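Each remark here refers to the structure printed beneath this line.
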Protein chains: 6
Amino acid sequence: MKPIDHAAASAEVRAVFDDIKATRKLADVNNFWKYLANEPRMLKHVWSSLKDMMGPGALDPLTKELIYVAVSITNNCEYCMASHGFAARQKGASEEMMSELLAIVGLANMTNRLANGYRVPVDEAFK
Amino acid sequence: MKPIDHAAASAEVRAVFDDIKATRKLADVNNFWKYLANEPRMLKHVWSSLKDMMGPGALDPLTKELIYVAVSITNNCEYCMASHGFAARQKGASEEMMSELLAIVGLANMTNRLANGYRVPVDEAFK
Amino acid sequence: MKPIDHAAASAEVRAVFDDIKATRKLADVNNFWKYLANEPRMLKHVWSSLKDMMGPGALDPLTKELIYVAVSITNNCEYCMASHGFAARQKGASEEMMSELLAIVGLANMTNRLANGYRVPVDEAFK
Amino acid sequence: MKPIDHAAASAEVRAVFDDIKATRKLADVNNFWKYLANEPRMLKHVWSSLKDMMGPGALDPLTKELIYVAVSITNNCEYCMASHGFAARQKGASEEMMSELLAIVGLANMTNRLANGYRVPVDEAFK
Amino acid sequence: MKPIDHAAASAEVRAVFDDIKATRKLADVNNFWKYLANEPRMLKHVWSSLKDMMGPGALDPLTKELIYVAVSITNNCEYCMASHGFAARQKGASEEMMSELLAIVGLANMTNRLANGYRVPVDEAFK
Amino acid sequence: MKPIDHAAASAEVRAVFDDIKATRKLADVNNFWKYLANEPRMLKHVWSSLKDMMGPGALDPLTKELIYVAVSITNNCEYCMASHGFAARQKGASEEMMSELLAIVGLANMTNRLANGYRVPVDEAFK
């Protein structure tokens with residue numbers, strides 16, 4: 001499937017693109033949205049969900065990006081590591097923070113398997 | 001495999017248990033460590049890594065726990081969700097923060113597949 | 001490991017290759033089979049299983065390809081997305097169907113984590 | 001986290017619950033929605049996305065449920081296997097279809113690793 | 001879906017069950033095969049593949065079981081950890097070996113994410 | 001993030017690099033360690049864990065490498081497949097062994113989903 005540029009987009013897709021650009025103060029939407037535009041309904045849902053949940057809330061914007069990167073590393077999504085790693089740095093993540101994040105993602109992936117492999121029962125205190 | 005209690009532990013294992021209890025100000029170590037004690041070398045390495053990387057650093061302690069929970073949900077490790085979810089709340093996570101975290105983990109798992117499925121090329125700006 | 005071409009293949013491997021070509025009406029087997037030929041026993045088992053289960057049965061051939069693509073996206077297997085995406089289109093999948101499939105794969109990966117993360121108990125009605 | 005029943009729900013959550021019940025002709029929403037109601041924004045987004053993408057479109061409703069089940073098995077989401085397996089049967093899936101689906105999910109998970117493990121290059125014909 | 005016992009099995013399924021029992025010198029097949037019997041074609045393919053590939057070959061039988069356990073822990077398949085852990089012990093695995101295996105599975109899951117997260121390029125020497 | 005060469009490394013990092021080179025009798029450390037050096041604490045922990053657990057123990061060195069490769073294939077870590085596949089061959093793995101390993105990894109990934117999908121209960125004999 002091919003990406004859909006602003007010029008080739010339907011009015012419906014263009015409205016989402018314009019909202020992304022206005023919200024994120026960007027000259028153009030990034031590749032992810034141009035591919036997703038092949039399914040305009042999904043484009044709208046994903047953007048609407050991300051705009052809402054990555055916006056103001058209980059967690060600060062940087063923490064949200066770091067969580068996003070952590071999941072993307074675990075799932076080995078190269079595009080998502082690149083785009084959310086970029087966003088995390090724009091929101092203030094230092095290289096030290098990114099390296100520490102990566103360390104913790106590695107450790108969690110290790111202890112996840114150790115806990116599952118030993119079939120460790122959940123402590124009463126955690127219930 | 002069976003958990004190894006403090007009373008039944010070797011001097012080597014007991015030393016690690018004591019360091020865990022002192023560092024985390026706990027009366028007893030939780031089940032994870034008691035199972036891991038079946039492999040004393042690994043017990044030492046995992047504790048030493050976690051003590052160091054989850055301790056003071058570039059990211060604050062709560063953010064580290066949230067990252068840990070995010071990975072554990074993605075991998076479906078029930079024990080790790082329970083233990084690190086507990087730790088996150090102890091370090092100040094509100095229910096609103098935990099629900100927002102879960103939402104972001106869900107969204108990241110979705111967009112990871114959308115980006116991989118469309119084989120979206122990484123934007124020049126992110127390189 | 002290197003792919004094994006028809007010319008270089010043993011009689012045993014060649015017999016499987018010939019059956020693949022005859023069954024699928026192809027001039028040559030695709031790369032997957034040429035690599036798998038490094039383990040002739042496995043070549044035979046995988047082909048025999050796929051020939052049988054992807055052939056006539058309770059589900060129609062297109063639905064089977066779509067299921068195959070859905071799993072391959074979830075696991076991020078680039079080769080499998082390409083080969084089974086191709087097969088799905090040959091069996092009649094439109095671009096609209098492929099985009100809708102991708103949307104559903106994304107949504108399922110999201111709600112899988114939401115259900116696991118909240119540890120939602122299975123409703124009585126579903127048991 | 002606890003599930004939120006209709007009686008205890010905010011007007012905002014109740015409106016989503018009512019739409020789910022009306023759309024799916026159910027007396028009550030199932031557990032998934034009651035837990036998700038802990039994050040009302042996400043409840044709205046997930047429901048709005050599922051209502052739209054699982055509704056009329058390029059793929060028939062049964063095929064969509066089968067895809068959902070295939071992903072849920074791959075990710076080992078017990079709740080999702082139960083709920084979407086139930087929905088698939090309600091939409092006409094026979095036991096033969098469910099068993100064939102499971103077979104294909106198993107085969108895809110196998111060949112995904114074989115293709116990745118051999119690092120099979122994508123055939124020109126598939127590009 | 002319900003398990004299918006020897007008594008209730010078709011002649012086709014029974015023949016596979018009998019071969020499993022004779023090959024593995026068991027009084028009865030274990031639960032996995034009784035469930036898989038819901039799809040007799042797949043029962044035959046899986047048994048035929050496992051009988052062949054887990055039998056005599058380049059790797060010794062114990063190593064094969066350990067590999068099976070390693071994958072099953074990574075994927076969090078409780079049934080498979082139990083059945084192949086049992087088989088590994090029957091083929092001579094000591095508790096020390098099982099604990100060391102678990103340690104290595106944990107470490108590999110960690111370094112897999114570190115290598116992916118840093119996007120480490122493959123060294124020339126490894127190509 | 002950029003790799004850190006021996007020349008540019010801190011004394012702390014250099015000490016780890018020197019130990020890796022001495023232990024493994026290498027002229028230079030491979031890329032993995034040069035990237036991991038961005039987080040010197042983690043470099044130390046990962047090396048110390050791997051040196052210990054991949055060294056002499058209950059399992060022979062080749063078996064350990066094979067387990068490492070099996071996990072890396074399951075997780076689709078290209079770097080880890082290459083580096084541990086190389087190490088396995090250096091420790092004596094033949095091409096026949098590597099192909100058999102890959103076959104078993106594929107089969108385990110298949111039966112993991114079949115067991116989870118059928119929700120097969122663990123046999124009493126395995127508990």
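Chain labels run A, B, ... following the order of the structure tokens; each chain numbers its residues from 1, and ligands are numbered from 1 in the order shown.
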Write down, as a PDB file with N, CA and C atoms, in the first residue's frame, each residue of chain B that has any atom within 7 Å of an atom of chain E, counting only C-alpha atoms.
ATOM      1  N   ASN B  38      16.614 -20.476  43.721  1.00  0.00           N
ATOM      2  CA  ASN B  38      17.000 -21.793  43.208  1.00  0.00           C
ATOM      3  C   ASN B  38      18.247 -21.701  42.325  1.00  0.00           C
ATOM      4  N   GLU B  39      18.548 -20.534  41.850  1.00  0.00           N
ATOM      5  CA  GLU B  39      19.745 -20.302  41.023  1.00  0.00           C
ATOM      6  C   GLU B  39      20.486 -19.114  41.645  1.00  0.00           C
ATOM      7  N   MET B  42      22.051 -16.316  39.589  1.00  0.00           N
ATOM      8  CA  MET B  42      21.100 -15.435  38.920  1.00  0.00           C
ATOM      9  C   MET B  42      20.426 -14.507  39.934  1.00  0.00           C
TER      10      MET B  42
END
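Separating CA of Ala93 in chain D from CA of Pro121 in chain F is a distance of 23.8 Å.
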(message) Give me, as a ChimeraX atom specification, all polymer residues having an atom no more than 10 Å from Phe86 in chain B, counting only C-alpha atoms and skipping those fewer than 2 positions away in the same chain.
(response) /A:125-127 /B:65,69,80-84,88-91,93
Output of the above residues as a PDB file, in the first residue's frame, restricted to N, CA and C atoms:
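The resulting file, again02.pdb, is reproduced below:
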ATOM      1  N   ALA A 125       0.334  -9.697  49.657  1.00  0.00           N
ATOM      2  CA  ALA A 125       0.471  -8.242  49.810  1.00  0.00           C
ATOM      3  C   ALA A 125       0.181  -7.469  48.530  1.00  0.00           C
ATOM      4  N   PHE A 126       0.304  -8.133  47.401  1.00  0.00           N
ATOM      5  CA  PHE A 126       0.129  -7.422  46.124  1.00  0.00           C
ATOM      6  C   PHE A 126      -1.308  -7.502  45.617  1.00  0.00           C
ATOM      7  N   LYS A 127      -2.134  -8.305  46.301  1.00  0.00           N
ATOM      8  CA  LYS A 127      -3.504  -8.508  45.784  1.00  0.00           C
ATOM      9  C   LYS A 127      -4.437  -7.364  46.175  1.00  0.00           C
TER      10      LYS A 127
ATOM     11  N   GLU B  65       8.993   2.563  37.546  1.00  0.00           N
ATOM     12  CA  GLU B  65       7.996   1.529  37.839  1.00  0.00           C
ATOM     13  C   GLU B  65       6.921   1.482  36.747  1.00  0.00           C
ATOM     14  N   VAL B  69       5.785  -1.672  34.496  1.00  0.00           N
ATOM     15  CA  VAL B  69       4.408  -2.165  34.362  1.00  0.00           C
ATOM     16  C   VAL B  69       4.007  -2.241  32.889  1.00  0.00           C
ATOM     17  N   CYS B  80       4.347  -9.906  37.479  1.00  0.00           N
ATOM     18  CA  CYS B  80       5.063  -8.634  37.353  1.00  0.00           C
ATOM     19  C   CYS B  80       4.099  -7.456  37.327  1.00  0.00           C
ATOM     20  N   MET B  81       2.934  -7.632  36.717  1.00  0.00           N
ATOM     21  CA  MET B  81       1.924  -6.571  36.759  1.00  0.00           C
ATOM     22  C   MET B  81       1.531  -6.306  38.209  1.00  0.00           C
ATOM     23  N   ALA B  82       1.341  -7.378  38.974  1.00  0.00           N
ATOM     24  CA  ALA B  82       0.906  -7.228  40.369  1.00  0.00           C
ATOM     25  C   ALA B  82       2.002  -6.583  41.214  1.00  0.00           C
ATOM     26  N   SER B  83       3.233  -7.080  41.094  1.00  0.00           N
ATOM     27  CA  SER B  83       4.285  -6.576  41.982  1.00  0.00           C
ATOM     28  C   SER B  83       4.720  -5.152  41.605  1.00  0.00           C
ATOM     29  N   HIS B  84       4.869  -4.877  40.325  1.00  0.00           N
ATOM     30  CA  HIS B  84       5.292  -3.528  39.946  1.00  0.00           C
ATOM     31  C   HIS B  84       4.116  -2.540  39.952  1.00  0.00           C
ATOM     32  N   ALA B  88       4.411   0.789  42.007  1.00  0.00           N
ATOM     33  CA  ALA B  88       4.095   2.088  41.399  1.00  0.00           C
ATOM     34  C   ALA B  88       3.146   2.875  42.298  1.00  0.00           C
ATOM     35  N   ARG B  89       2.145   2.194  42.828  1.00  0.00           N
ATOM     36  CA  ARG B  89       1.197   2.883  43.711  1.00  0.00           C
ATOM     37  C   ARG B  89       1.894   3.347  44.992  1.00  0.00           C
ATOM     38  N   GLN B  90       2.798   2.537  45.500  1.00  0.00           N
ATOM     39  CA  GLN B  90       3.534   2.937  46.700  1.00  0.00           C
ATOM     40  C   GLN B  90       4.406   4.158  46.438  1.00  0.00           C
ATOM     41  N   LYS B  91       4.859   4.294  45.222  1.00  0.00           N
ATOM     42  CA  LYS B  91       5.711   5.435  44.884  1.00  0.00           C
ATOM     43  C   LYS B  91       4.888   6.622  44.387  1.00  0.00           C
ATOM     44  N   ALA B  93       1.763   6.542  42.383  1.00  0.00           N
ATOM     45  CA  ALA B  93       0.854   6.478  41.237  1.00  0.00           C
ATOM     46  C   ALA B  93      -0.595   6.449  41.711  1.00  0.00           C
TER      47      ALA B  93
END
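Shortest atom-to-atom contact with Ser72 in chain D among C:Asn109, C:Asn30, C:Ser10, C:Asn116: C:Asn109, counting only C-alpha atoms.
Residue nearest Pro40 in chain B, chosen from B:Glu12, B:Glu124, B:Asp28, B:Asp5 and counting only C-alpha atoms: B:Glu12.
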(request) Might you pull out every residue within 10 Å of Met53 in chain A, with only C-alpha atoms counted and same-chain residues fewer than 3 positions away left off, and present them as a count of residues only? (result) 18
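If you look at CA of Leu62 in chain E and CA of Leu114 in chain F, they are 22.7 Å away from each other.
Counting from CA of Glu78 in chain B, the distance to CA of Val29 in chain B is 18.3 Å.
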(message) So that I can check the surroundings of Asp18 in chain A, please list as a PyMOL selection string every protein, DNA and RNA residue that reaches within 9 Å of it, counting only C-alpha atoms and ignoring chain neighbours fewer than 4 positions away.
(response) chain A and resi 6+13-14+22-23+28-29
(message) To test your reading of the structure, identify every residue in chain F that backbone DSSP assigns to helix (DSSP H, G or I), and report it as a ChimeraX atom specification.
(response) /F:11-24,31-36,40-53,61-74,78-90,95-117,124-126
